[in-house]
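Pasted below: start.txt, compact mmCIF, C-alpha atoms.
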# COMPACT_ATOMS: atom_id res chain seq x y z
CA MET A 1 97.72 -16.32 109.00
CA LEU A 2 94.60 -17.90 107.51
CA ILE A 3 93.87 -16.93 103.92
CA ASP A 4 90.17 -17.70 103.69
CA ILE A 5 88.68 -17.10 100.25
CA THR A 6 85.61 -17.90 98.19
CA THR A 7 86.13 -18.73 94.53
CA LEU A 8 83.47 -18.19 91.89
CA PRO A 9 84.89 -19.90 88.77
CA GLY A 10 81.79 -18.99 86.73
CA ASP A 11 81.46 -19.62 82.99
CA GLY A 12 83.52 -20.25 79.86
CA ILE A 13 87.24 -20.12 80.59
CA GLY A 14 86.50 -18.95 84.17
CA PRO A 15 86.97 -22.39 85.80
CA GLU A 16 90.28 -23.19 84.04
CA VAL A 17 91.93 -19.84 84.82
CA THR A 18 90.62 -19.91 88.41
CA GLU A 19 92.08 -23.39 88.91
CA GLN A 20 95.56 -22.16 87.94
CA ALA A 21 95.28 -19.04 90.09
CA VAL A 22 94.31 -21.11 93.15
CA ARG A 23 97.26 -23.37 92.45
CA VAL A 24 99.60 -20.37 92.45
CA LEU A 25 97.96 -19.05 95.61
CA ARG A 26 98.49 -22.41 97.28
CA SER A 27 102.20 -22.39 96.47
CA VAL A 28 102.57 -18.86 97.89
CA ALA A 29 100.61 -19.76 101.02
CA ASP A 30 102.76 -22.88 101.55
CA GLY A 31 105.96 -20.97 100.87
CA PHE A 32 105.17 -18.25 103.39
CA GLY A 33 103.64 -20.56 105.98
CA HIS A 34 100.02 -19.43 105.71
CA LYS A 35 96.97 -21.64 105.95
CA LEU A 36 94.66 -21.56 102.97
CA ARG A 37 90.93 -22.25 102.93
CA VAL A 38 89.15 -22.17 99.58
CA THR A 39 85.37 -22.44 99.30
CA GLU A 40 84.07 -22.81 95.76
CA LYS A 41 80.59 -21.51 94.89
CA ASN A 42 78.39 -21.15 91.83
CA ALA A 43 77.88 -17.79 90.16
CA GLY A 44 76.88 -16.49 86.75
CA GLY A 45 75.51 -18.77 84.06
CA ALA A 46 76.62 -21.85 85.98
CA ALA A 47 74.41 -20.81 88.90
CA LEU A 48 71.59 -19.75 86.58
CA VAL A 49 71.44 -23.23 85.05
CA ALA A 50 71.78 -24.96 88.43
CA SER A 51 69.35 -22.85 90.48
CA ASN A 52 67.71 -20.27 88.20
CA ASP A 53 69.59 -17.44 89.90
CA PRO A 54 72.94 -15.98 88.73
CA LEU A 55 73.79 -15.16 92.35
CA PRO A 56 72.26 -17.66 94.80
CA GLN A 57 71.95 -16.62 98.42
CA ASP A 58 74.37 -19.28 99.64
CA THR A 59 77.00 -17.80 97.30
CA VAL A 60 76.46 -14.32 98.77
CA ASP A 61 76.63 -15.75 102.30
CA ALA A 62 79.88 -17.61 101.57
CA CYS A 63 81.44 -14.49 100.02
CA LEU A 64 80.45 -12.29 102.94
CA SER A 65 81.87 -14.70 105.50
CA SER A 66 85.24 -15.09 103.76
CA GLY A 67 88.26 -12.79 103.61
CA ALA A 68 88.14 -12.18 99.86
CA VAL A 69 86.43 -13.37 96.67
CA LEU A 70 88.14 -14.56 93.50
CA LEU A 71 85.98 -14.58 90.37
CA GLY A 72 86.93 -16.22 87.06
CA ALA A 73 84.49 -14.90 84.49
CA VAL A 74 80.73 -14.89 83.99
CA GLY A 75 78.45 -14.67 80.99
CA GLY A 76 78.23 -15.88 77.42
CA PRO A 77 75.82 -15.96 74.50
CA ALA A 78 74.18 -19.12 75.89
CA PHE A 79 72.50 -16.97 78.56
CA ASP A 80 71.15 -14.23 76.26
CA LYS A 81 67.77 -15.98 76.17
CA TYR A 82 67.20 -15.23 79.86
CA PRO A 83 65.54 -11.97 80.96
CA ALA A 84 68.03 -9.16 81.71
CA LYS A 85 67.47 -9.51 85.47
CA LEU A 86 68.62 -13.13 85.47
CA ARG A 87 71.67 -12.76 83.23
CA PRO A 88 75.12 -13.49 84.66
CA GLU A 89 76.15 -9.82 84.39
CA ALA A 90 73.18 -8.82 86.56
CA GLY A 91 74.37 -11.31 89.17
CA LEU A 92 77.80 -9.66 89.14
CA LEU A 93 76.27 -6.21 89.70
CA ARG A 94 74.31 -7.60 92.65
CA LEU A 95 77.46 -9.17 94.06
CA ARG A 96 79.36 -5.85 93.91
CA LYS A 97 76.47 -4.20 95.71
CA ALA A 98 76.20 -6.94 98.33
CA LEU A 99 79.93 -6.70 99.06
CA GLY A 100 79.78 -2.88 99.09
CA VAL A 101 82.84 -2.59 96.84
CA PHE A 102 82.86 1.00 95.65
CA ALA A 103 86.44 1.25 94.38
CA ASN A 104 87.45 -0.61 91.23
CA LEU A 105 91.23 -0.75 90.71
CA ARG A 106 92.24 -1.34 87.13
CA PRO A 107 95.98 -1.41 86.55
CA ALA A 108 97.32 -1.29 82.99
CA LEU A 109 100.95 -2.22 82.87
CA CYS A 110 103.27 -2.64 79.91
CA LEU A 111 105.88 -5.17 80.99
CA PRO A 112 109.38 -4.86 79.53
CA GLY A 113 109.58 -7.01 76.41
CA LEU A 114 105.83 -7.03 75.84
CA GLU A 115 105.63 -3.67 74.05
CA ASN A 116 104.81 -5.51 70.84
CA LEU A 117 101.38 -6.48 72.25
CA SER A 118 100.31 -2.85 72.09
CA PRO A 119 98.79 -1.36 68.96
CA LEU A 120 100.96 1.71 69.66
CA ARG A 121 104.59 2.18 68.74
CA PRO A 122 106.90 0.57 71.36
CA GLU A 123 108.56 3.89 72.27
CA ILE A 124 105.14 5.36 73.17
CA VAL A 125 103.81 2.48 75.28
CA ARG A 126 107.13 1.56 76.96
CA GLY A 127 107.07 2.16 80.70
CA THR A 128 103.29 2.52 80.94
CA ASP A 129 102.14 1.74 84.48
CA VAL A 130 98.80 3.35 85.17
CA MET A 131 96.29 2.56 87.90
CA ILE A 132 92.73 3.61 87.17
CA VAL A 133 90.56 4.02 90.26
CA ARG A 134 86.98 3.83 89.08
CA GLU A 135 84.01 4.52 91.34
CA LEU A 136 81.81 1.44 91.11
CA LEU A 137 78.53 1.90 92.96
CA GLY A 138 77.31 5.34 91.90
CA GLY A 139 76.84 7.56 88.89
CA ILE A 140 74.71 7.02 85.83
CA TYR A 141 74.63 3.22 86.05
CA PHE A 142 72.79 3.45 89.35
CA GLY A 143 70.94 6.76 88.86
CA GLU A 144 67.22 7.22 88.47
CA ARG A 145 65.94 6.72 84.95
CA SER A 146 62.63 7.41 83.27
CA THR A 147 60.93 7.59 79.89
CA GLN A 148 58.10 10.03 79.24
CA GLY A 149 55.83 10.89 76.34
CA ASP A 150 54.14 9.15 73.43
CA PRO A 151 55.88 6.78 71.02
CA GLY A 152 57.82 8.80 68.45
CA LYS A 153 58.18 11.71 70.86
CA ARG A 154 59.45 9.88 73.90
CA ARG A 155 62.11 11.46 76.05
CA ALA A 156 64.49 9.40 78.17
CA VAL A 157 66.34 10.63 81.24
CA ASP A 158 69.31 9.06 83.00
CA THR A 159 70.76 10.65 86.11
CA MET A 160 74.38 10.89 87.16
CA ALA A 161 74.40 11.75 90.83
CA TYR A 162 77.19 11.69 93.40
CA SER A 163 77.16 12.69 97.03
CA GLU A 164 80.13 14.25 98.81
CA PRO A 165 80.71 11.17 101.02
CA GLU A 166 80.73 8.94 97.92
CA ILE A 167 83.43 11.11 96.36
CA GLU A 168 85.43 11.46 99.53
CA ARG A 169 85.72 7.71 100.19
CA ILE A 170 86.90 6.90 96.64
CA ALA A 171 89.29 9.87 96.68
CA ARG A 172 90.91 8.52 99.85
CA VAL A 173 91.47 5.14 98.18
CA ALA A 174 93.10 6.87 95.19
CA PHE A 175 95.34 9.10 97.32
CA GLN A 176 96.48 6.16 99.42
CA LEU A 177 97.36 4.17 96.29
CA ALA A 178 99.17 7.12 94.73
CA GLY A 179 101.14 7.56 97.96
CA GLY A 180 102.53 4.03 97.55
CA ARG A 181 103.36 4.59 93.87
CA ARG A 182 104.75 7.56 91.95
CA LYS A 183 102.60 10.06 93.91
CA LYS A 184 100.78 11.55 90.93
CA LEU A 185 97.00 11.65 91.03
CA LEU A 186 94.85 12.87 88.18
CA MET J 1 85.81 17.58 97.31
CA VAL J 2 88.89 15.79 95.96
CA THR J 3 90.95 18.95 96.45
CA ARG J 4 89.80 19.01 100.09
CA VAL J 5 90.89 15.38 100.61
CA ALA J 6 94.24 16.28 98.98
CA ALA J 7 95.09 18.33 102.07
CA ASP J 8 95.41 15.05 104.00
CA PHE J 9 97.94 13.71 101.47
CA PRO J 10 100.49 16.49 101.03
CA ASP J 11 103.07 14.22 99.37
CA VAL J 12 100.75 13.33 96.46
CA GLY J 13 100.60 15.73 93.52
CA LEU J 14 97.02 16.31 92.34
CA SER J 15 95.96 17.63 88.95
CA HIS J 16 92.63 17.64 87.10
CA MET J 17 91.85 16.78 83.51
CA TYR J 18 88.67 16.66 81.39
CA VAL J 19 87.79 13.14 80.32
CA ASP J 20 88.18 13.87 76.59
CA SER J 21 91.72 15.16 77.12
CA ALA J 22 92.48 12.19 79.36
CA ALA J 23 91.31 9.79 76.64
CA MET J 24 93.63 11.44 74.12
CA ALA J 25 96.60 11.62 76.48
CA LEU J 26 96.16 7.97 77.45
CA VAL J 27 96.89 7.04 73.84
CA SER J 28 99.48 9.67 72.95
CA ARG J 29 101.57 9.59 76.15
CA PRO J 30 100.35 6.71 78.37
CA ALA J 31 103.63 6.38 80.30
CA GLU J 32 103.09 9.77 81.95
CA PHE J 33 100.09 8.63 84.00
CA ASP J 34 100.28 7.23 87.51
CA VAL J 35 96.87 7.04 89.24
CA ILE J 36 93.67 8.20 87.55
CA LEU J 37 90.63 8.75 89.78
CA THR J 38 87.35 8.79 87.90
CA GLU J 39 83.63 8.21 88.26
CA ASN J 40 81.86 5.01 87.24
CA MET J 41 81.01 5.45 83.54
CA PHE J 42 84.13 7.38 82.56
CA GLY J 43 86.18 4.82 84.48
CA ASP J 44 84.44 2.00 82.65
CA ILE J 45 85.53 3.55 79.34
CA LEU J 46 89.02 4.73 80.31
CA SER J 47 89.99 1.45 81.97
CA ASP J 48 89.08 -0.54 78.86
CA GLN J 49 90.99 2.00 76.78
CA ALA J 50 94.04 1.68 79.04
CA GLY J 51 93.85 -2.11 78.73
CA ALA J 52 93.78 -1.85 74.95
CA VAL J 53 96.71 0.60 74.99
CA VAL J 54 98.98 -1.95 76.68
CA GLY J 55 97.36 -4.58 74.50
CA SER J 56 97.43 -7.58 76.79
CA LEU J 57 93.85 -8.05 78.02
CA GLY J 58 94.63 -11.61 79.12
CA LEU J 59 97.28 -10.32 81.51
CA LEU J 60 95.30 -7.67 83.33
CA PRO J 61 93.84 -8.12 86.83
CA SER J 62 91.32 -6.02 88.72
CA ALA J 63 90.29 -5.44 92.30
CA SER J 64 87.01 -4.12 93.68
CA ILE J 65 87.49 -2.97 97.22
CA GLY J 66 86.29 -0.58 99.90
CA GLY J 67 83.46 -2.70 101.27
CA LYS J 68 83.21 -5.62 103.65
CA VAL J 69 84.93 -8.13 101.37
CA GLY J 70 87.10 -7.48 98.31
CA LEU J 71 86.33 -8.97 94.89
CA TYR J 72 89.16 -9.86 92.50
CA GLU J 73 88.83 -10.87 88.86
CA PRO J 74 90.67 -10.74 85.55
CA ILE J 75 89.35 -8.09 83.16
CA HIS J 76 88.80 -10.52 80.30
CA GLY J 77 85.44 -12.14 79.69
CA SER J 78 84.36 -15.78 79.74
CA ALA J 79 85.52 -16.41 76.12
CA PRO J 80 83.18 -19.41 75.59
CA ASP J 81 84.69 -19.95 72.12
CA ILE J 82 87.97 -21.20 73.62
CA ALA J 83 86.62 -22.68 76.87
CA GLY J 84 87.83 -26.18 77.73
CA GLN J 85 90.65 -26.15 75.15
CA GLY J 86 93.39 -25.39 77.68
CA ILE J 87 94.63 -22.34 75.77
CA ALA J 88 93.22 -19.53 77.94
CA ASN J 89 95.69 -17.19 79.61
CA PRO J 90 95.51 -17.61 83.42
CA LEU J 91 97.85 -14.69 84.18
CA GLY J 92 95.07 -12.08 84.58
CA THR J 93 93.52 -14.27 87.29
CA ILE J 94 96.91 -15.10 88.82
CA LEU J 95 97.73 -11.39 89.04
CA SER J 96 94.27 -10.80 90.55
CA VAL J 97 95.33 -13.15 93.35
CA ALA J 98 98.37 -10.92 93.89
CA MET J 99 96.06 -7.89 94.22
CA MET J 100 93.92 -9.90 96.67
CA LEU J 101 96.91 -10.71 98.88
CA ARG J 102 97.96 -7.05 98.87
CA HIS J 103 94.61 -5.36 99.41
CA SER J 104 92.49 -7.85 101.38
CA PHE J 105 95.17 -9.60 103.42
CA LYS J 106 97.88 -6.90 103.55
CA LEU J 107 100.44 -9.49 102.42
CA ASP J 108 102.65 -7.27 100.26
CA GLU J 109 105.62 -9.60 100.11
CA GLU J 110 103.45 -12.54 99.04
CA ALA J 111 101.76 -10.37 96.38
CA ALA J 112 105.14 -9.25 95.07
CA ALA J 113 106.32 -12.88 94.92
CA ILE J 114 103.53 -13.66 92.46
CA GLU J 115 104.11 -10.53 90.39
CA THR J 116 107.84 -11.14 90.19
CA ALA J 117 107.30 -14.77 89.19
CA VAL J 118 104.91 -13.73 86.40
CA ARG J 119 107.44 -11.18 85.11
CA GLU J 120 110.23 -13.74 85.17
CA VAL J 121 108.19 -16.39 83.38
CA LEU J 122 107.30 -13.88 80.66
CA ALA J 123 110.87 -12.57 80.49
CA ALA J 124 112.04 -16.16 79.93
CA GLY J 125 109.92 -16.10 76.78
CA HIS J 126 106.96 -18.27 77.84
CA ARG J 127 103.70 -17.22 76.20
CA THR J 128 100.12 -18.41 76.17
CA ARG J 129 98.58 -18.38 72.72
CA ASP J 130 97.04 -14.90 73.05
CA LEU J 131 100.49 -13.41 73.82
CA ALA J 132 102.51 -15.39 71.30
CA ALA J 133 103.70 -13.77 68.08
CA LYS J 134 102.96 -15.54 64.79
CA GLY J 135 105.01 -18.71 64.59
CA GLN J 136 106.08 -18.48 68.24
CA ASN J 137 105.53 -21.52 70.47
CA SER J 138 102.88 -21.24 73.15
CA VAL J 139 102.14 -22.99 76.43
CA SER J 140 98.78 -24.23 77.72
CA THR J 141 96.72 -22.78 80.58
CA SER J 142 97.98 -25.37 83.06
CA GLU J 143 101.58 -25.19 81.80
CA MET J 144 101.55 -21.44 82.46
CA GLY J 145 100.14 -22.05 85.96
CA ASN J 146 102.87 -24.62 86.49
CA LEU J 147 105.63 -22.26 85.30
CA VAL J 148 104.53 -19.52 87.70
CA THR J 149 104.21 -22.00 90.58
CA GLN J 150 107.71 -23.41 89.91
CA GLN J 151 109.18 -19.93 89.67
CA ILE J 152 107.68 -19.00 93.06
CA ARG J 153 109.09 -22.18 94.64
CA VAL J 154 112.56 -21.59 93.17
CA ARG J 155 112.56 -18.01 94.40
CA LEU J 156 111.44 -18.88 97.92
CA GLN J 157 114.06 -21.61 98.20
CA THR J 158 116.78 -19.21 97.11
CA VAL J 159 115.68 -16.77 99.78
CA ALA J 160 115.51 -19.46 102.47
CA HIS J 161 119.04 -20.77 101.89
Final structure tokens representation of the file:
Amino acid sequence: MLIDITTLPGDGIGPEVTEQAVRVLRSVADGFGHKLRVTEKNAGGAALVASNDPLPQDTVDACLSSGAVLLGAVGGPAFDKYPAKLRPEAGLLRLRKALGVFANLRPALCLPGLENLSPLRPEIVRGTDVMIVRELLGGIYFGERSTQGDPGKRRAVDTMAYSEPEIERIARVAFQLAGGRRKKLL
Amino acid sequence: MVTRVAADFPDVGLSHMYVDSAAMALVSRPAEFDVILTENMFGDILSDQAGAVVGSLGLLPSASIGGKVGLYEPIHGSAPDIAGQGIANPLGTILSVAMMLRHSFKLDEEAAAIETAVREVLAAGHRTRDLAAKGQNSVSTSEMGNLVTQQIRVRLQTVAH
């Protein structure tokens, strides 16, 4: 099959780690007889410097017309001088929204022999293999917010709202994943 | 709502936990967890906590899925202080590619080939600087990429013959 991806190497170590990951992907694609098409685009601070936008439209278009997006890393202190809206992290939030990705999968795995990397005692961390399924497009980070009142007496409100369909769709992702693992969902 | 969805997945055991208890249990008995479903902010906190519990931030991938196109990225940041020195750990990004093959392209075998290769390279004792113990030798970013690539090739040849 055709593995058609967009890469967004981004900032800092992003480009060097992305380069190695694409290399590994290429060897797997070759080994299994798949065709690979990689389109590289600017995102984050790199895009901000090049075009004054951490997520240029042509990057969004490329991502949306490919099969998957691989991102290295974005951000860094060099971009703190820009207004919040233009910072690399804001570009990443916009990208998640544009792609409609509502389920964030965050595995945390302790590989045999690497127990010493944990701050915990080896016998506690040994065998850890947890998959956190985090909802990514709702809740307090996207809720309505307001500030009322005079300075010194101001009152700030953030809202954490979820609809039933938003919960149902993420729950289905989690159940499906659990079904292919140890079948325990919390 | 989640309990209602559970009816469609009778083989999966569902239990509920308050987030404060989950945070404690994740440190005191992390190996007991399988899948944790949580909302955005709690998930933001718990997933960073889980990463710190296993202690290898440079190794951890992530996937953001459910929409038109999936987004895959390592959980570490851009680390500008070590950029360009060739010492960054590429395994978080390499394992993100494995997640991409599994979730966006439904290529389970290909994903497993990458994950197995990463395990084998680590089991053979190769470490990037962030994973190396004091005094232990470490390999560069591109050497690590090379080791994983070689391991995949060796494996596939063994299977083919």
### Query
Which of these residues is nearest to Leu2 in chain A, using only C-alpha atoms: A:Ala68, A:Val157, A:Val49, A:Ile170?
A:Ala68
Per-residue nearest contacts chain J to chain A, cut-off 6 Å, using only C-alpha atoms, as a tab-separated table:
residue	atom	partner	partner_atom	distance
J:Val2	CA	A:Ala171	CA	6.0
J:Val12	CA	A:Lys183	CA	4.5
J:Gly13	CA	A:Lys184	CA	4.9
J:Leu14	CA	A:Leu185	CA	4.8
J:Ser15	CA	A:Leu186	CA	4.9
J:His16	CA	A:Leu186	CA	5.4
J:Pro30	CA	A:Thr128	CA	5.7
J:Ala31	CA	A:Thr128	CA	3.9
J:Phe33	CA	A:Val130	CA	5.6
J:Asp34	CA	A:Val130	CA	4.8
J:Val35	CA	A:Met131	CA	4.7
J:Ile36	CA	A:Ile132	CA	4.7
J:Leu37	CA	A:Val133	CA	4.8
J:Thr38	CA	A:Arg134	CA	5.1
J:Glu39	CA	A:Glu135	CA	4.8
J:Asn40	CA	A:Glu135	CA	4.7
J:Gly43	CA	A:Arg134	CA	4.8
J:Ala50	CA	A:Ala108	CA	5.9
J:Gly51	CA	A:Ala108	CA	5.6
J:Val53	CA	A:Ser118	CA	5.8
J:Val54	CA	A:Ser118	CA	4.9
J:Gly55	CA	A:Ser118	CA	4.2
J:Ser62	CA	A:Arg106	CA	5.0
J:Ala63	CA	A:Leu105	CA	5.0
J:Ser64	CA	A:Asn104	CA	4.3
J:Ile65	CA	A:Val101	CA	4.7
J:Gly66	CA	A:Val101	CA	5.0
J:Gly67	CA	A:Gly100	CA	4.3
J:Lys68	CA	A:Leu99	CA	5.7
J:Val69	CA	A:Ala68	CA	5.4
J:Gly70	CA	A:Ala68	CA	5.1
J:Leu71	CA	A:Val69	CA	4.7
J:Tyr72	CA	A:Leu70	CA	4.9
J:Glu73	CA	A:Leu71	CA	4.9
J:Gly77	CA	A:Ala73	CA	5.6
J:Ser78	CA	A:Gly12	CA	4.5
J:Ala79	CA	A:Gly12	CA	5.7
J:Pro80	CA	A:Gly12	CA	4.4
J:Ala83	CA	A:Ile13	CA	4.6
J:Pro90	CA	A:Val17	CA	4.4
J:Thr93	CA	A:Ala21	CA	5.8
J:Ile94	CA	A:Ala21	CA	4.4
J:Gly145	CA	A:Gln20	CA	5.0
J:Thr149	CA	A:Val24	CA	5.2
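Near Ala113 in chain J, within a cut-off of 9 Å and counting all atoms listed in the file, sit the residues Val28 of chain A; Ala98, Asp108, Glu109, Ala117, Val118, Ile152, Arg155 and Leu156 of chain J, with same-chain residues fewer than 4 positions away left out.
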### Query
Quick one: distance from CA of Leu57 in chain J to CA of Leu91 in chain J in Å, one decimal?
9.9 Å
### Query
Around (75.4, -19.2, 98.2) in the file's own coordinates, what residues are found within 10 Å if you use all atoms listed in the file, given back as a list of chain:residue names?
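Protein and nucleic acid residues near the point are A:Glu40, A:Lys41, A:Asn42, A:Ala43, A:Ala47, A:Leu55, A:Pro56, A:Gln57, A:Asp58, A:Thr59, A:Val60, A:Asp61, A:Ala62, A:Cys63, A:Leu64.
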### Selected residue of minimal separation from Leu101 in chain J among A:Tyr82, A:His34, A:Thr159, A:Lys153, counting only C-alpha atoms
A:His34
### Task
Find the distance between CA of Met24 in chain J and CA of Ile45 in chain J and write it in Å to one decimal.
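Between these atoms lies a distance of 12.5 Å.
One distance worth recording is that between CA of Ile87 in chain J and CA of Asn137 in chain J, which is 12.1 Å.
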### Message
List the spatial neighbours of Thr147 in chain A as a list in words - criterion: any atom at most 12 Å away, all atoms listed in the file, same-chain residues fewer than 4 positions off excluded.
### Response
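In the requested format, the answer is Pro151, Gly152, Lys153, Arg154, Arg155, Ala156, Val157 and Asp158 of chain A.
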